[in-house]
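S.K.: For reference, the structure I am asking about is given below.
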Amino acid sequence: MKERRLTVHMDSQPAYEIVYSDSFKGLAAEILVLPKKYSGICVVTDDHVGPLYAEEVCSGLAETGLQPLLLTLPEGEEHKTLGTVEKIYRFLAEAHCDRHCLLVALGGGVIGDMTGFAAATYMRGIDYVQVPTTLLSQADSSIGGKTGVDLEGLKNMVGAFKMPVLVYENAAALKTLDARQYVAGFAEIMKHGLILDEKYYVWLLENLYEILDRDVETLREMLFMSNKIKRKVVEKDPYETGDRMLLNFGHTIGHAIEKNSGFSLLHGECVALGCVAAAYISYKRGILPMDEYYEIRDMFVPFGLPISIDGVDPETIYELTRSDKKKNGDSVRFVLLEGIGRAVVKDDVTREEILAAVDEVRYVEDCE
């Protein structure tokens with residue numbers, strides 16, 4: 001396999017690399033060439049990913065000359081809380097891990113967010129490595145340094161910006177994902193094309209069958225292109241003061257639906273619904289052509305993502321959007337589309353527009 005990597009910059013200086021592989025074998029070597037020497041390594045994973053990969057990863061990390069510690073947490077968004085992060089703190093403290101300890105996040109977005117937040121705050125900050133194992137985390141959440149936990153069901157209300165020192169992506173790990181988790185990742189991937197890169201959006205449609213077959217070469221190429229798009233945004237706006245808001249396309253209503261479901265729906269499924277809703281608002285405003293709206297809506301279907309949902313109340317979803325951290329004063333900040341690959345941030349989306357958008361995704365018959 002030809003090695004591929006991307007360098008992510010902060011303030012025009014190299015900050016960390018994204019390394020693409022088809023195994024975990026090169027992880028130790030990548031850590032050994034980092035500029036800092038570590039006193040210990042702690043791998044944080046969950047009780048789903050751990051049985052699959054923890055032994056292999058810890059065995060490989062022993063090549064650094066350090067014996068990795070392993071902390072296994074419960075799987076699921078419902079465990080993405082300050083209480084769970086406290087378990088990480090306690091584990092590190094009881095193991096006498098100092099400021100020169102390295103955390104390794106082995107898992108999906110929940111593990112990556114919590115481990116990154118723990119790294120940002122334990123002893124006022126230690127280094128961490130992202131080893132994402134889901135499509136959603138490899139394509140999106142492991143890149144950019146946004147970390148955090150949920151607060152009483154509100155997504156990522158407590159968090160910090162903390163860049164990893166390395167992101168190590170093993171595309172072959174995607175072969176072990178169950179079908180629902182796998183397809184959920186496509187919402188973030190297609191979001192990248194919709195907001196900034198029409199050519200990438202077209203490439204995804206042209207390579208649909210290879211992607212669904214989990215062809216590793218195609219997956220590596222897809223991840224490389226998605227990460228390049230996110231890198232461009234993150235480098236320009238690392239602390240989400242402007243352009244980085246574009247990455248929240250589909251997330252305002254998506255987060256509200258996710259909260260309303262009690263997290264029974266996956267994050268990617270809710271983002272897909274949120275993308276459809278945001279595209280609908282764009283279409284009704286007259287800034288997105290009608291044919292593009294229907295194309296965007298329908299393109300989620302072959303990737304196995306929902307475009308409609310039963311049992312949601314538009315008023316409830318609207319109220320939940322008002323609790324979103326992307327609120328700007330009394331307004332809810334929305335990312336809308338002026339065309340495929342052309343996203344804009346708007347602060348004037350009204351209650352009526354949100355209610356109509358939720359109603360659009362509410363009924364199955366509207367999407368047949």
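By convention in this document, the chains of the structure tokens carry letters A, B, ... by their order, each chain's residues are numbered from 1, and ligands are numbered from 1 in the order they are shown.
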Using only C-alpha atoms, determine which residues lie at most 8 Å from A:Gly112, disregarding the query and same-chain residues fewer than 4 positions distant; provide the list as a list in words.
M.R.: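 Near A:Gly112, the qualifying residues are Ala105, Leu106, Gly107, Gly108, Gly116, Gln130, Pro132, Ser137, Ser141, Ser142 and Thr147 of chain A.
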S.K.: Please dump the current selection as an mmCIF file, in the first residue's frame; keep C-alpha atoms.
M.R.:
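The result, stored in result_28.cif:
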```
data_model
loop_
_atom_site.group_PDB
_atom_site.id
_atom_site.type_symbol
_atom_site.label_atom_id
_atom_site.label_comp_id
_atom_site.auth_asym_id
_atom_site.auth_seq_id
_atom_site.Cartn_x
_atom_site.Cartn_y
_atom_site.Cartn_z
ATOM 1 C CA ALA A 105 -8.532 7.128 21.912
ATOM 2 C CA LEU A 106 -9.470 3.812 20.300
ATOM 3 C CA GLY A 107 -13.051 3.876 19.092
ATOM 4 C CA GLY A 108 -15.728 6.040 17.545
ATOM 5 C CA GLY A 116 -9.796 14.394 23.970
ATOM 6 C CA GLN A 130 -6.933 9.655 17.839
ATOM 7 C CA PRO A 132 -10.855 6.272 15.093
ATOM 8 C CA SER A 137 -15.060 9.370 13.347
ATOM 9 C CA SER A 141 -14.999 13.861 14.394
ATOM 10 C CA SER A 142 -11.359 12.828 14.919
ATOM 11 C CA THR A 147 -13.720 17.637 22.271
#
```
S.K.: Apply DSSP to the structure's backbone, then extract all residues of stretch 126-274 of chain A labelled strand (DSSP E or B) and return them as a PyMOL selection string.
M.R.: chain A and resi 127-132+146-151+154-161+166-170
S.K.: Would you output that residue set with C-alpha atoms, as a compact mmCIF listing (two decimals), in the first residue's frame?
M.R.:
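File out38.txt, as written:
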```
# COMPACT_ATOMS: atom_id res chain seq x y z
CA ASP A 127 -1.21 14.77 24.69
CA TYR A 128 -3.54 12.35 22.98
CA VAL A 129 -3.75 10.33 19.77
CA GLN A 130 -6.93 9.66 17.84
CA VAL A 131 -7.32 6.08 16.51
CA PRO A 132 -10.86 6.27 15.09
CA LYS A 146 -13.22 19.69 19.11
CA THR A 147 -13.72 17.64 22.27
CA GLY A 148 -16.51 17.46 24.79
CA VAL A 149 -19.36 15.71 26.54
CA ASP A 150 -23.13 16.02 26.67
CA LEU A 151 -24.90 17.77 29.54
CA LEU A 154 -27.61 18.43 25.23
CA LYS A 155 -24.92 17.58 22.70
CA ASN A 156 -21.35 18.63 23.48
CA MET A 157 -22.38 21.43 25.84
CA VAL A 158 -19.18 21.06 27.89
CA GLY A 159 -15.94 20.85 25.97
CA ALA A 160 -12.62 22.28 24.88
CA PHE A 161 -10.49 22.70 21.79
CA LEU A 166 -1.62 12.26 15.70
CA VAL A 167 -4.64 10.78 13.92
CA TYR A 168 -4.13 7.19 12.78
CA GLU A 169 -6.84 5.83 10.45
CA ASN A 170 -7.06 2.11 9.72
```
S.K.: Considering only C-alpha atoms, can you say which of A:Ile253, A:Leu265, A:Ala173, A:Ile195 comes closest to A:Val233?
M.R.: A:Ile195
S.K.: Enumerate the residues of stretch 121-342 of chain A with a DSSP assignment of helix (DSSP H, G or I), computed from the backbone, and present them as a ChimeraX atom specification.
M.R.: /A:121-124,135-141,171-176,179-184,186-196,198-206,208-212,216-236,243-248,251-260,267-285,290-299,301-303,314-321
S.K.: Find the spatial neighbours of A:Ala279, counting only C-alpha atoms, within a cut-off of 8 Å - ignore same-chain residues fewer than 4 positions away - and output them as a VMD selection string.
M.R.: chain A and resid 275 283 288 293 296 to 297 336 to 337
S.K.: Distance atom CA of A:Ala184-atom CA of A:Phe249, one decimal place?
M.R.: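 We find that atom CA of A:Ala184 and atom CA of A:Phe249 lie 15.5 Å from each other.
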S.K.: Using only C-alpha atoms, which residues sit within 10 Å of stretch 19-35 of chain A once same-chain residues fewer than 4 positions away are excluded, as a VMD selection string?
M.R.: chain A and resid 1 to 7 53 56 to 65 102 129 131 138 165 to 174 216 to 217 220 to 221 223 to 224
S.K.: Just N, CA and C atoms for this one: save the residues we selected as an mmCIF file, in the first residue's frame.
M.R.:
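Contents of the output file again.cif:
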```cif
data_model
loop_
_atom_site.group_PDB
_atom_site.id
_atom_site.type_symbol
_atom_site.label_atom_id
_atom_site.label_comp_id
_atom_site.auth_asym_id
_atom_site.auth_seq_id
_atom_site.Cartn_x
_atom_site.Cartn_y
_atom_site.Cartn_z
ATOM 1 N N MET A 1 0.828 -1.185 0.000
ATOM 2 C CA MET A 1 0.000 0.000 0.000
ATOM 3 C C MET A 1 0.872 1.248 0.000
ATOM 4 N N LYS A 2 0.593 2.179 -0.907
ATOM 5 C CA LYS A 2 1.308 3.445 -0.950
ATOM 6 C C LYS A 2 0.875 4.299 0.235
ATOM 7 N N GLU A 3 1.843 4.774 1.002
ATOM 8 C CA GLU A 3 1.519 5.546 2.197
ATOM 9 C C GLU A 3 0.917 6.886 1.822
ATOM 10 N N ARG A 4 -0.139 7.249 2.563
ATOM 11 C CA ARG A 4 -0.740 8.562 2.382
ATOM 12 C C ARG A 4 -0.842 9.212 3.746
ATOM 13 N N ARG A 5 -0.665 10.520 3.760
ATOM 14 C CA ARG A 5 -0.828 11.266 5.002
ATOM 15 C C ARG A 5 -1.154 12.709 4.679
ATOM 16 N N LEU A 6 -1.823 13.353 5.610
ATOM 17 C CA LEU A 6 -2.137 14.769 5.516
ATOM 18 C C LEU A 6 -1.556 15.468 6.738
ATOM 19 N N THR A 7 -1.046 16.654 6.554
ATOM 20 C CA THR A 7 -0.580 17.459 7.672
ATOM 21 C C THR A 7 -1.598 18.556 7.946
ATOM 22 N N TYR A 53 -10.204 -4.899 19.090
ATOM 23 C CA TYR A 53 -8.909 -4.339 18.707
ATOM 24 C C TYR A 53 -7.958 -4.009 19.849
ATOM 25 N N GLU A 56 -4.689 -6.170 20.137
ATOM 26 C CA GLU A 56 -3.782 -5.930 19.013
ATOM 27 C C GLU A 56 -3.098 -4.570 19.135
ATOM 28 N N VAL A 57 -3.868 -3.551 19.484
ATOM 29 C CA VAL A 57 -3.305 -2.205 19.598
ATOM 30 C C VAL A 57 -2.327 -2.120 20.760
ATOM 31 N N CYS A 58 -2.702 -2.649 21.916
ATOM 32 C CA CYS A 58 -1.808 -2.593 23.085
ATOM 33 C C CYS A 58 -0.527 -3.393 22.844
ATOM 34 N N SER A 59 -0.653 -4.535 22.191
ATOM 35 C CA SER A 59 0.526 -5.336 21.882
ATOM 36 C C SER A 59 1.472 -4.568 20.967
ATOM 37 N N GLY A 60 0.897 -3.897 19.962
ATOM 38 C CA GLY A 60 1.726 -3.114 19.050
ATOM 39 C C GLY A 60 2.379 -1.925 19.729
ATOM 40 N N LEU A 61 1.643 -1.282 20.641
ATOM 41 C CA LEU A 61 2.180 -0.104 21.323
ATOM 42 C C LEU A 61 3.323 -0.455 22.264
ATOM 43 N N ALA A 62 3.419 -1.719 22.662
ATOM 44 C CA ALA A 62 4.542 -2.144 23.510
ATOM 45 C C ALA A 62 5.873 -1.959 22.791
ATOM 46 N N GLU A 63 5.833 -1.843 21.461
ATOM 47 C CA GLU A 63 7.053 -1.604 20.689
ATOM 48 C C GLU A 63 7.640 -0.217 20.968
ATOM 49 N N THR A 64 6.865 0.633 21.624
ATOM 50 C CA THR A 64 7.403 1.943 22.014
ATOM 51 C C THR A 64 8.343 1.827 23.207
ATOM 52 N N GLY A 65 8.383 0.640 23.831
ATOM 53 C CA GLY A 65 9.170 0.451 25.047
ATOM 54 C C GLY A 65 8.380 0.713 26.307
ATOM 55 N N LEU A 102 0.633 9.751 27.594
ATOM 56 C CA LEU A 102 -0.075 9.897 26.318
ATOM 57 C C LEU A 102 -1.357 9.087 26.350
ATOM 58 N N VAL A 129 -3.725 10.815 21.152
ATOM 59 C CA VAL A 129 -3.749 10.329 19.770
ATOM 60 C C VAL A 129 -5.156 9.828 19.466
ATOM 61 N N VAL A 131 -7.316 7.287 17.347
ATOM 62 C CA VAL A 131 -7.322 6.078 16.508
ATOM 63 C C VAL A 131 -8.786 5.738 16.251
ATOM 64 N N GLN A 138 -13.642 8.557 11.521
ATOM 65 C CA GLN A 138 -12.507 8.668 10.603
ATOM 66 C C GLN A 138 -12.705 9.822 9.618
ATOM 67 N N VAL A 165 -2.105 14.902 18.785
ATOM 68 C CA VAL A 165 -0.751 14.948 18.245
ATOM 69 C C VAL A 165 -0.608 14.021 17.043
ATOM 70 N N LEU A 166 -1.634 13.204 16.809
ATOM 71 C CA LEU A 166 -1.617 12.263 15.696
ATOM 72 C C LEU A 166 -3.026 11.714 15.507
ATOM 73 N N VAL A 167 -3.424 11.527 14.253
ATOM 74 C CA VAL A 167 -4.643 10.781 13.924
ATOM 75 C C VAL A 167 -4.221 9.602 13.053
ATOM 76 N N TYR A 168 -4.566 8.401 13.481
ATOM 77 C CA TYR A 168 -4.135 7.190 12.783
ATOM 78 C C TYR A 168 -5.387 6.436 12.326
ATOM 79 N N GLU A 169 -5.610 6.398 11.005
ATOM 80 C CA GLU A 169 -6.838 5.829 10.449
ATOM 81 C C GLU A 169 -6.563 4.491 9.770
ATOM 82 N N ASN A 170 -7.140 3.447 10.305
ATOM 83 C CA ASN A 170 -7.060 2.109 9.719
ATOM 84 C C ASN A 170 -8.381 1.831 9.010
ATOM 85 N N ALA A 171 -8.390 1.998 7.696
ATOM 86 C CA ALA A 171 -9.627 1.831 6.930
ATOM 87 C C ALA A 171 -10.154 0.407 6.993
ATOM 88 N N ALA A 172 -9.280 -0.566 7.180
ATOM 89 C CA ALA A 172 -9.725 -1.964 7.249
ATOM 90 C C ALA A 172 -10.617 -2.208 8.460
ATOM 91 N N ALA A 173 -10.484 -1.377 9.496
ATOM 92 C CA ALA A 173 -11.330 -1.529 10.683
ATOM 93 C C ALA A 173 -12.800 -1.303 10.345
ATOM 94 N N LEU A 174 -13.073 -0.589 9.264
ATOM 95 C CA LEU A 174 -14.459 -0.319 8.889
ATOM 96 C C LEU A 174 -15.189 -1.587 8.453
ATOM 97 N N VAL A 216 -11.464 -1.361 0.472
ATOM 98 C CA VAL A 216 -10.553 -0.602 1.324
ATOM 99 C C VAL A 216 -9.855 0.523 0.556
ATOM 100 N N GLU A 217 -9.438 0.264 -0.689
ATOM 101 C CA GLU A 217 -8.769 1.310 -1.466
ATOM 102 C C GLU A 217 -9.704 2.493 -1.700
ATOM 103 N N ARG A 220 -10.139 4.432 1.579
ATOM 104 C CA ARG A 220 -8.992 5.292 1.896
ATOM 105 C C ARG A 220 -9.031 6.573 1.061
ATOM 106 N N GLU A 221 -9.377 6.425 -0.217
ATOM 107 C CA GLU A 221 -9.469 7.605 -1.072
ATOM 108 C C GLU A 221 -10.586 8.535 -0.594
ATOM 109 N N LEU A 223 -11.843 8.802 2.487
ATOM 110 C CA LEU A 223 -11.451 9.432 3.742
ATOM 111 C C LEU A 223 -10.436 10.547 3.502
ATOM 112 N N PHE A 224 -9.494 10.298 2.602
ATOM 113 C CA PHE A 224 -8.472 11.303 2.283
ATOM 114 C C PHE A 224 -9.134 12.575 1.757
#
```
S.K.: Check the smallest atom-to-atom distance from each of A:His48, A:Lys284, A:Lys162, A:His267 to A:Gly144 using only C-alpha atoms, then report the winner.
M.R.: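 Residue with the minimum atom-to-atom distance to A:Gly144: A:Lys162.
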S.K.: Rank A:Arg214, A:Lys228, A:Lys236, A:Arg285 by their smallest atom-to-atom distance to A:Tyr200, using only C-alpha atoms, and report the top residue only.
M.R.: A:Lys228
S.K.: I'd like the neighbourhood of A:Asp47 as a PyMOL selection string, where a residue qualifies if any of its atoms comes within 12 Å (using only C-alpha atoms), though same-chain residues fewer than 2 positions away should be ignored.
M.R.: chain A and resi 44-45+49-54+70-76+79+106-108+111
S.K.: Leaving out A:Ala118 and any residue of its chain fewer than 2 positions from it, which residues lie within 8 Å of it when counting only C-alpha atoms, given as a list in words?
M.R.: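 In the requested form, the answer reads Val85, Ile88, Tyr89, Met114, Thr115, Gly116, Ala120, Thr121 and Tyr122 of chain A.
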S.K.: Quick one: pull the distance between atom CA of A:Glu352 and atom CA of A:Gly193, Å, one decimal.
M.R.: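 Interatomic distance here is 27.9 Å.
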S.K.: Please compute the atom CA of A:Leu194-atom CA of A:Asp310 distance, one decimal, in Å.
M.R.: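 Computed distance, atom CA of A:Leu194 to atom CA of A:Asp310, equals 25.4 Å.
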S.K.: Do a neighbour search on A:Ile189 at 8 Å with only C-alpha atoms, toss out local chain neighbours closer than 6 positions, and write the hits as a VMD selection string.
M.R.: chain A and resid 136 139 to 140 226
S.K.: Compare A:Tyr294, A:Phe263, A:Phe300, A:Tyr38 by their minimum atom-to-atom distance to A:Leu208, counting only C-alpha atoms, and give me the closest one.
M.R.: A:Phe300
S.K.: From the options A:Ala15, A:Thr316, A:Phe186, A:Arg342, which residue's atoms come nearest to A:Pro164, counting only C-alpha atoms?
M.R.: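 Looking at the shortest contact to A:Pro164, the residue is A:Ala15.
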